[in-house]
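Asks: There's a structure below that I have some questions on.
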Amino acid sequence: MNISRILLGATGVVALIFATKTVQACGSYDSYSYQSSGCLSSTASASLAAQNEASRVTSGLVQGRISSITSSSFGGAPGSKNKQTGLIGWSEGRGAAGSVSGPKLGIWGDIGYASFQDSSAVVNSDGSVWAGAFGADYLVHPHVILGLAGTIEGVSSTASAIRMDIDSKGYGITPYAAVKITDIFSASALFSYVWSEVDATRALPATTLYGSTNARRATTAATVSANTNFGNFTFGGDLGLMYTATTQEALRMDDTAGTSITTAKSTSEMGTLSLAAQPGYLIELDRKTNTWIEPYARFEYRYDFVNTDIAGHPNDDD
């Protein structure tokens, strides 16, 4: 039986970060202060903060694909005796493993967009991230799926405290896996590696500096999910852990008059614990083709238990 479902949704996120910035602010923008150690650290902090936000969005696209596979209600209708779960046919059956139905290979694509703000006095930046992912996954076992995705992303941000604009473009690769534990519980993991080109522009009172550099970012994430339904009502939840490490090469910024500043090679670490709930409701559109629509709302809480940059300085963002 072929069962299709259309998803409509909305997402809300609450983030909680307990950390304070300890690096020195740039102060006045004269020829001395903008080369101070604190000001150079702020320059790197602004760029690394943007990379961390890109990590959330890009990894979130792959995690969204995994969620669509592992959702026990996906493709299923209320009262169905043999629901197909996921886009590639995990079968719940009536007992142990059930039987595998539907194609084993899944091809997918997704795009995402998010805005962010870092309200610290040192950086005070805001910006946006767009990302796209295209991948394929394969049912290697009735309860195991392996996949590989390619990603592309773009970040644009402005750090008003240091008068700096940052634009970056990145390309990455993400292998992932999902395991169905029971008809309700599943677990998944991914590893993402992204290469980025970073361009920066910084306005000083008497001149404007321009520069570019490269950054590398590695992200590891693991999630335990629970999904079920009671009649037409669906309920889902995720408990996730994500760790991101970013390395940015030295950034040299120059103007046409020969003025220059150089920020040394810098690193950033971010560890995030997340908890999400997703209630929904299945509405039948066509009984003959067994087509359903599911409006849903997703609520997510995030806590950054590690959020450092520039050799261990705490970084606070929103």
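Chain labels A, B, ... are given in the sequence in which chains occur in the structure tokens; within each chain residues are numbered consecutively from 1, and ligands are likewise numbered from 1 in the order shown.
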So which residues touch Arg202 (chain A) within 6 Å, counting only C-alpha atoms, skipping near sequence neighbours fewer than 4 positions away, as a list in words?
Replies: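 Returned residues: Arg163, Met164, Thr208 and Leu209 of chain A.
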Asks: Would you output that residue set with N, CA and C atoms, as a compact mmCIF listing (two decimals), in the first residue's frame?
Replies:
```txt
# COMPACT_ATOMS: atom_id res chain seq x y z
N ARG A 163 32.71 47.39 13.91
CA ARG A 163 32.51 47.93 12.57
C ARG A 163 33.02 46.98 11.48
N MET A 164 32.55 45.75 11.52
CA MET A 164 33.08 44.72 10.63
C MET A 164 31.94 43.96 9.96
N THR A 208 39.25 51.97 5.35
CA THR A 208 38.51 50.71 5.36
C THR A 208 39.47 49.58 5.01
N LEU A 209 39.44 48.53 5.83
CA LEU A 209 40.33 47.39 5.65
C LEU A 209 39.57 46.22 5.02
```
Asks: Can you check which residues of region 48-286 of chain A DSSP gives as helix (DSSP H, G or I) on the backbone and send them as JSON, numbers by chain?
Replies: {"A": [48, 49, 50, 51, 52, 53, 54, 55, 56, 57, 58, 59, 60, 61, 62, 63, 64, 65, 66, 67, 68, 69, 70, 160, 161, 162]}
